[in-house]
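Worksheet: one structure, shown below.
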Amino acid sequence: MSFELFDGLDPPTEEVLADGAVLLRGHTLASAPQLLAEMRAVTEQAPWRHLVTPGGFTMSVAMSNCGRQGWVSDRHGYRYSACDPLSGLPWPAMPALFAQLAREAAARAGYADFDPDACLINRYAVGAKLSLHQDKDERALGQPIVSVSLGLPAVFLFGTDRRTDRPRKHRLQHGDVVVWGGPSRLAFHGIEPLPLGDHLLTGRFRYNLTFRKV
Ligand code: MD3
Ligand code: FE
């Protein structure tokens, strides 16, 4: 392990947030610039958009996808689609670096052979938030979800499988990777409105990659 990358920062640690949820702090700091470059290439092909929920609200988070399936929402509902509704073309392929990172992080948390077919890419500008929700549009609920945080930090809300249980708050920052499996897979979760900030690599934005097996 080389330590100069972590000068002035906390060293990488592994923290169990709940049964099945493992936070790998700083796990992807070293590859963050390359991840951001790959993300930019994806969003040149499948541009950022603000999806509309079935209830008619426009989401404050901008989204794109890569991989064989992408998550989409419109007035008809939430679903996965093999094609980008904006272009009618298949989503850009998942970069090899993305797939490797997701697989390796899942293995570290105890899930061997994670082979995601979808990567949802979220972009938060100041004030953007994600209300408390469950991720249950996937059939493979036995598979974990792996999330990667890049850029500005955010407050993550992590509840239980009951919406009314008060969620705990965790700060997710640049380079953090979280694996959500087992009993945590159906936990309610969300992101508080993004505070204003300026990050060396991402400016005024926070990005999150979530890897899923649909
Ligand atoms: C806990 N994204 O895209 S990542 C989402 O930071 C989403 O953009 C947030 O929630 C973000 O659906 C949170 C952390 C996360 C992702 C999926 C989970 C936590 C999860 C699935 C189950 C439980
Ligand atoms: Fe989610």
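Order determines the names: the first chain of the structure tokens is A, the second B, and so forth; residues in each chain are numbered 1 upward, and ligands are numbered 1 upward as they are shown.
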For chain A versus ligand 2, which residues have an atom no more than 10 Å away, and what is each residue's nearest atom pair and distance in Å rounded to one decimal, using only C-alpha atoms and all ligand atoms, chain-then-number order, as CSV?
residue,atom,partner,partner_atom_place_in_ligand_line,distance
A:Leu120,CA,ligand 2,1 (Fe),9.8
A:Leu130,CA,ligand 2,1 (Fe),8.1
A:Ser131,CA,ligand 2,1 (Fe),9.1
A:Leu132,CA,ligand 2,1 (Fe),8.2
A:His133,CA,ligand 2,1 (Fe),6.3
A:Gln134,CA,ligand 2,1 (Fe),5.9
A:Asp135,CA,ligand 2,1 (Fe),5.0
A:Lys136,CA,ligand 2,1 (Fe),8.8
A:Ile145,CA,ligand 2,1 (Fe),9.0
A:Ser147,CA,ligand 2,1 (Fe),9.3
A:Arg185,CA,ligand 2,1 (Fe),9.7
A:Leu186,CA,ligand 2,1 (Fe),9.3
A:Ala187,CA,ligand 2,1 (Fe),9.1
A:Phe188,CA,ligand 2,1 (Fe),7.9
A:His189,CA,ligand 2,1 (Fe),6.2
A:Gly190,CA,ligand 2,1 (Fe),6.7
A:Ile191,CA,ligand 2,1 (Fe),9.1
A:Thr210,CA,ligand 2,1 (Fe),8.2
Written file, previous selection with C-alpha atoms, as a compact mmCIF listing (two decimals), in the first residue's frame:
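Final output, again36.txt:
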# COMPACT_ATOMS: atom_id res chain seq x y z
CA LEU A 120 -26.77 4.37 -12.90
CA LEU A 130 -32.81 12.12 -3.41
CA SER A 131 -35.86 11.51 -1.23
CA LEU A 132 -36.05 8.40 0.94
CA HIS A 133 -36.69 5.35 -1.30
CA GLN A 134 -35.98 1.64 -1.76
CA ASP A 135 -34.19 0.19 -4.78
CA LYS A 136 -36.51 -2.65 -5.75
CA ILE A 145 -25.63 -2.85 -4.99
CA SER A 147 -22.08 2.67 -4.87
CA ARG A 185 -30.49 -4.39 0.24
CA LEU A 186 -34.07 -3.18 0.81
CA ALA A 187 -33.27 -0.44 3.32
CA PHE A 188 -34.84 2.98 2.70
CA HIS A 189 -32.16 5.52 1.84
CA GLY A 190 -31.70 9.01 0.41
CA ILE A 191 -29.38 12.00 0.01
CA THR A 210 -24.45 2.69 -8.52
ask   = Just asking: which residues within stretch 80-171 of chain A are strand (DSSP E or B) according to DSSP, as an MDAnalysis selection string?
value = chainID A and resid 80:81 83 90 118:124 130:133 145:151 154:158 168:171
key: Residue with smallest distance to A:Ala154 - pool A:Gly182, A:Pro193, A:Pro47, A:Pro12, counting only C-alpha atoms   =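 Looking at the shortest contact to A:Ala154, the residue is A:Pro193.
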request  = Go through stretch 36-110 of chain A and collect every residue that DSSP, computed from the backbone, puts in helix (DSSP H, G or I); the answer should be as a list of chain:residue names.
outcome  = A:Leu36, A:Ala37, A:Glu38, A:Met39, A:Arg40, A:Ala41, A:Val42, A:Thr43, A:Glu44, A:Gln45, A:Ala96, A:Leu97, A:Phe98, A:Ala99, A:Gln100, A:Leu101, A:Ala102, A:Arg103, A:Glu104, A:Ala105, A:Ala106, A:Ala107, A:Arg108
Could you write out the selected residues, including N, CA, C and O atoms, as an mmCIF file, in the first residue's frame?
data_model
loop_
_atom_site.group_PDB
_atom_site.id
_atom_site.type_symbol
_atom_site.label_atom_id
_atom_site.label_comp_id
_atom_site.auth_asym_id
_atom_site.auth_seq_id
_atom_site.Cartn_x
_atom_site.Cartn_y
_atom_site.Cartn_z
ATOM 1 N N LEU A 36 -13.632 9.429 -13.414
ATOM 2 C CA LEU A 36 -14.312 10.648 -13.884
ATOM 3 C C LEU A 36 -14.145 10.823 -15.392
ATOM 4 O O LEU A 36 -15.081 11.242 -16.081
ATOM 5 N N ALA A 37 -12.967 10.469 -15.917
ATOM 6 C CA ALA A 37 -12.750 10.570 -17.368
ATOM 7 C C ALA A 37 -13.661 9.590 -18.112
ATOM 8 O O ALA A 37 -14.285 9.952 -19.127
ATOM 9 N N GLU A 38 -13.778 8.365 -17.585
ATOM 10 C CA GLU A 38 -14.674 7.368 -18.210
ATOM 11 C C GLU A 38 -16.130 7.842 -18.135
ATOM 12 O O GLU A 38 -16.913 7.674 -19.074
ATOM 13 N N MET A 39 -16.490 8.427 -16.973
ATOM 14 C CA MET A 39 -17.859 8.928 -16.810
ATOM 15 C C MET A 39 -18.171 10.027 -17.834
ATOM 16 O O MET A 39 -19.256 10.053 -18.418
ATOM 17 N N ARG A 40 -17.183 10.899 -18.078
ATOM 18 C CA ARG A 40 -17.406 11.969 -19.067
ATOM 19 C C ARG A 40 -17.613 11.390 -20.454
ATOM 20 O O ARG A 40 -18.452 11.871 -21.227
ATOM 21 N N ALA A 41 -16.860 10.335 -20.787
ATOM 22 C CA ALA A 41 -17.030 9.702 -22.103
ATOM 23 C C ALA A 41 -18.432 9.098 -22.225
ATOM 24 O O ALA A 41 -19.086 9.225 -23.268
ATOM 25 N N VAL A 42 -18.917 8.475 -21.146
ATOM 26 C CA VAL A 42 -20.277 7.908 -21.176
ATOM 27 C C VAL A 42 -21.302 9.008 -21.399
ATOM 28 O O VAL A 42 -22.211 8.882 -22.237
ATOM 29 N N THR A 43 -21.151 10.132 -20.668
ATOM 30 C CA THR A 43 -22.193 11.159 -20.734
ATOM 31 C C THR A 43 -22.081 12.039 -21.988
ATOM 32 O O THR A 43 -22.966 12.851 -22.244
ATOM 33 N N GLU A 44 -21.021 11.848 -22.763
ATOM 34 C CA GLU A 44 -21.036 12.444 -24.105
ATOM 35 C C GLU A 44 -21.954 11.644 -25.032
ATOM 36 O O GLU A 44 -22.611 12.198 -25.917
ATOM 37 N N GLN A 45 -22.026 10.337 -24.808
ATOM 38 C CA GLN A 45 -22.897 9.473 -25.626
ATOM 39 C C GLN A 45 -24.342 9.477 -25.120
ATOM 40 O O GLN A 45 -25.284 9.419 -25.913
ATOM 41 N N ALA A 96 -14.486 -1.050 -18.555
ATOM 42 C CA ALA A 96 -13.877 -2.188 -17.840
ATOM 43 C C ALA A 96 -13.473 -1.784 -16.422
ATOM 44 O O ALA A 96 -13.646 -2.555 -15.470
ATOM 45 N N LEU A 97 -12.965 -0.551 -16.272
ATOM 46 C CA LEU A 97 -12.549 -0.083 -14.945
ATOM 47 C C LEU A 97 -13.730 -0.048 -13.963
ATOM 48 O O LEU A 97 -13.580 -0.373 -12.783
ATOM 49 N N PHE A 98 -14.913 0.357 -14.463
ATOM 50 C CA PHE A 98 -16.114 0.390 -13.614
ATOM 51 C C PHE A 98 -16.440 -1.037 -13.139
ATOM 52 O O PHE A 98 -16.668 -1.270 -11.945
ATOM 53 N N ALA A 99 -16.499 -1.966 -14.089
ATOM 54 C CA ALA A 99 -16.899 -3.343 -13.763
ATOM 55 C C ALA A 99 -15.906 -3.979 -12.785
ATOM 56 O O ALA A 99 -16.303 -4.654 -11.828
ATOM 57 N N GLN A 100 -14.618 -3.728 -13.014
ATOM 58 C CA GLN A 100 -13.570 -4.280 -12.119
ATOM 59 C C GLN A 100 -13.714 -3.738 -10.711
ATOM 60 O O GLN A 100 -13.617 -4.481 -9.732
ATOM 61 N N LEU A 101 -13.908 -2.428 -10.609
ATOM 62 C CA LEU A 101 -14.040 -1.796 -9.301
ATOM 63 C C LEU A 101 -15.230 -2.363 -8.540
ATOM 64 O O LEU A 101 -15.135 -2.699 -7.354
ATOM 65 N N ALA A 102 -16.379 -2.481 -9.225
ATOM 66 C CA ALA A 102 -17.598 -2.983 -8.580
ATOM 67 C C ALA A 102 -17.404 -4.425 -8.118
ATOM 68 O O ALA A 102 -17.785 -4.793 -7.002
ATOM 69 N N ARG A 103 -16.780 -5.218 -8.967
ATOM 70 C CA ARG A 103 -16.572 -6.633 -8.644
ATOM 71 C C ARG A 103 -15.636 -6.803 -7.453
ATOM 72 O O ARG A 103 -15.892 -7.575 -6.540
ATOM 73 N N GLU A 104 -14.573 -6.023 -7.460
ATOM 74 C CA GLU A 104 -13.567 -6.140 -6.409
ATOM 75 C C GLU A 104 -14.120 -5.631 -5.068
ATOM 76 O O GLU A 104 -13.878 -6.234 -4.025
ATOM 77 N N ALA A 105 -14.887 -4.532 -5.106
ATOM 78 C CA ALA A 105 -15.470 -4.006 -3.863
ATOM 79 C C ALA A 105 -16.486 -4.993 -3.290
ATOM 80 O O ALA A 105 -16.505 -5.241 -2.075
ATOM 81 N N ALA A 106 -17.313 -5.581 -4.156
ATOM 82 C CA ALA A 106 -18.314 -6.555 -3.696
ATOM 83 C C ALA A 106 -17.610 -7.754 -3.062
ATOM 84 O O ALA A 106 -18.006 -8.229 -1.993
ATOM 85 N N ALA A 107 -16.531 -8.213 -3.694
ATOM 86 C CA ALA A 107 -15.794 -9.370 -3.169
ATOM 87 C C ALA A 107 -15.229 -9.046 -1.791
ATOM 88 O O ALA A 107 -15.295 -9.853 -0.860
ATOM 89 N N ARG A 108 -14.713 -7.840 -1.635
ATOM 90 C CA ARG A 108 -14.153 -7.428 -0.356
ATOM 91 C C ARG A 108 -15.209 -7.437 0.750
ATOM 92 O O ARG A 108 -14.908 -7.676 1.914
#
request  = Find the residue from A:Val148, A:Ser60, A:Ser73, A:Arg162 that sits nearest to A:Glu192; use only C-alpha atoms when measuring.
outcome  =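 Using only C-alpha atoms, A:Glu192 sits closest to A:Ser60.
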task = Return the single residue from A:Arg204, A:Arg171, A:His199, A:Arg166 that is closest to ligand 1, with distances computed using only C-alpha atoms and all ligand atoms.
result =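 The shortest atom-to-atom distance to ligand 1 comes from A:Arg171.
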key: Close residues, A:Gly197 itself excluded, 10 Å, only C-alpha atoms, min 6 positions apart in chain, as a ChimeraX atom specification   = /A:125-126,151-153,203-206
request  = Would you list the contacts of stretch 63-66 of chain A as JSON, numbers by chain, taking every protein, DNA or RNA residue within 8 Å and counting only C-alpha atoms, but skipping same-chain residues closer than 5 positions in sequence?
outcome  = {"A": [42, 43, 46, 47, 48, 49, 50, 51, 71, 91, 92, 93, 94, 118, 119, 120, 121, 122, 123]}
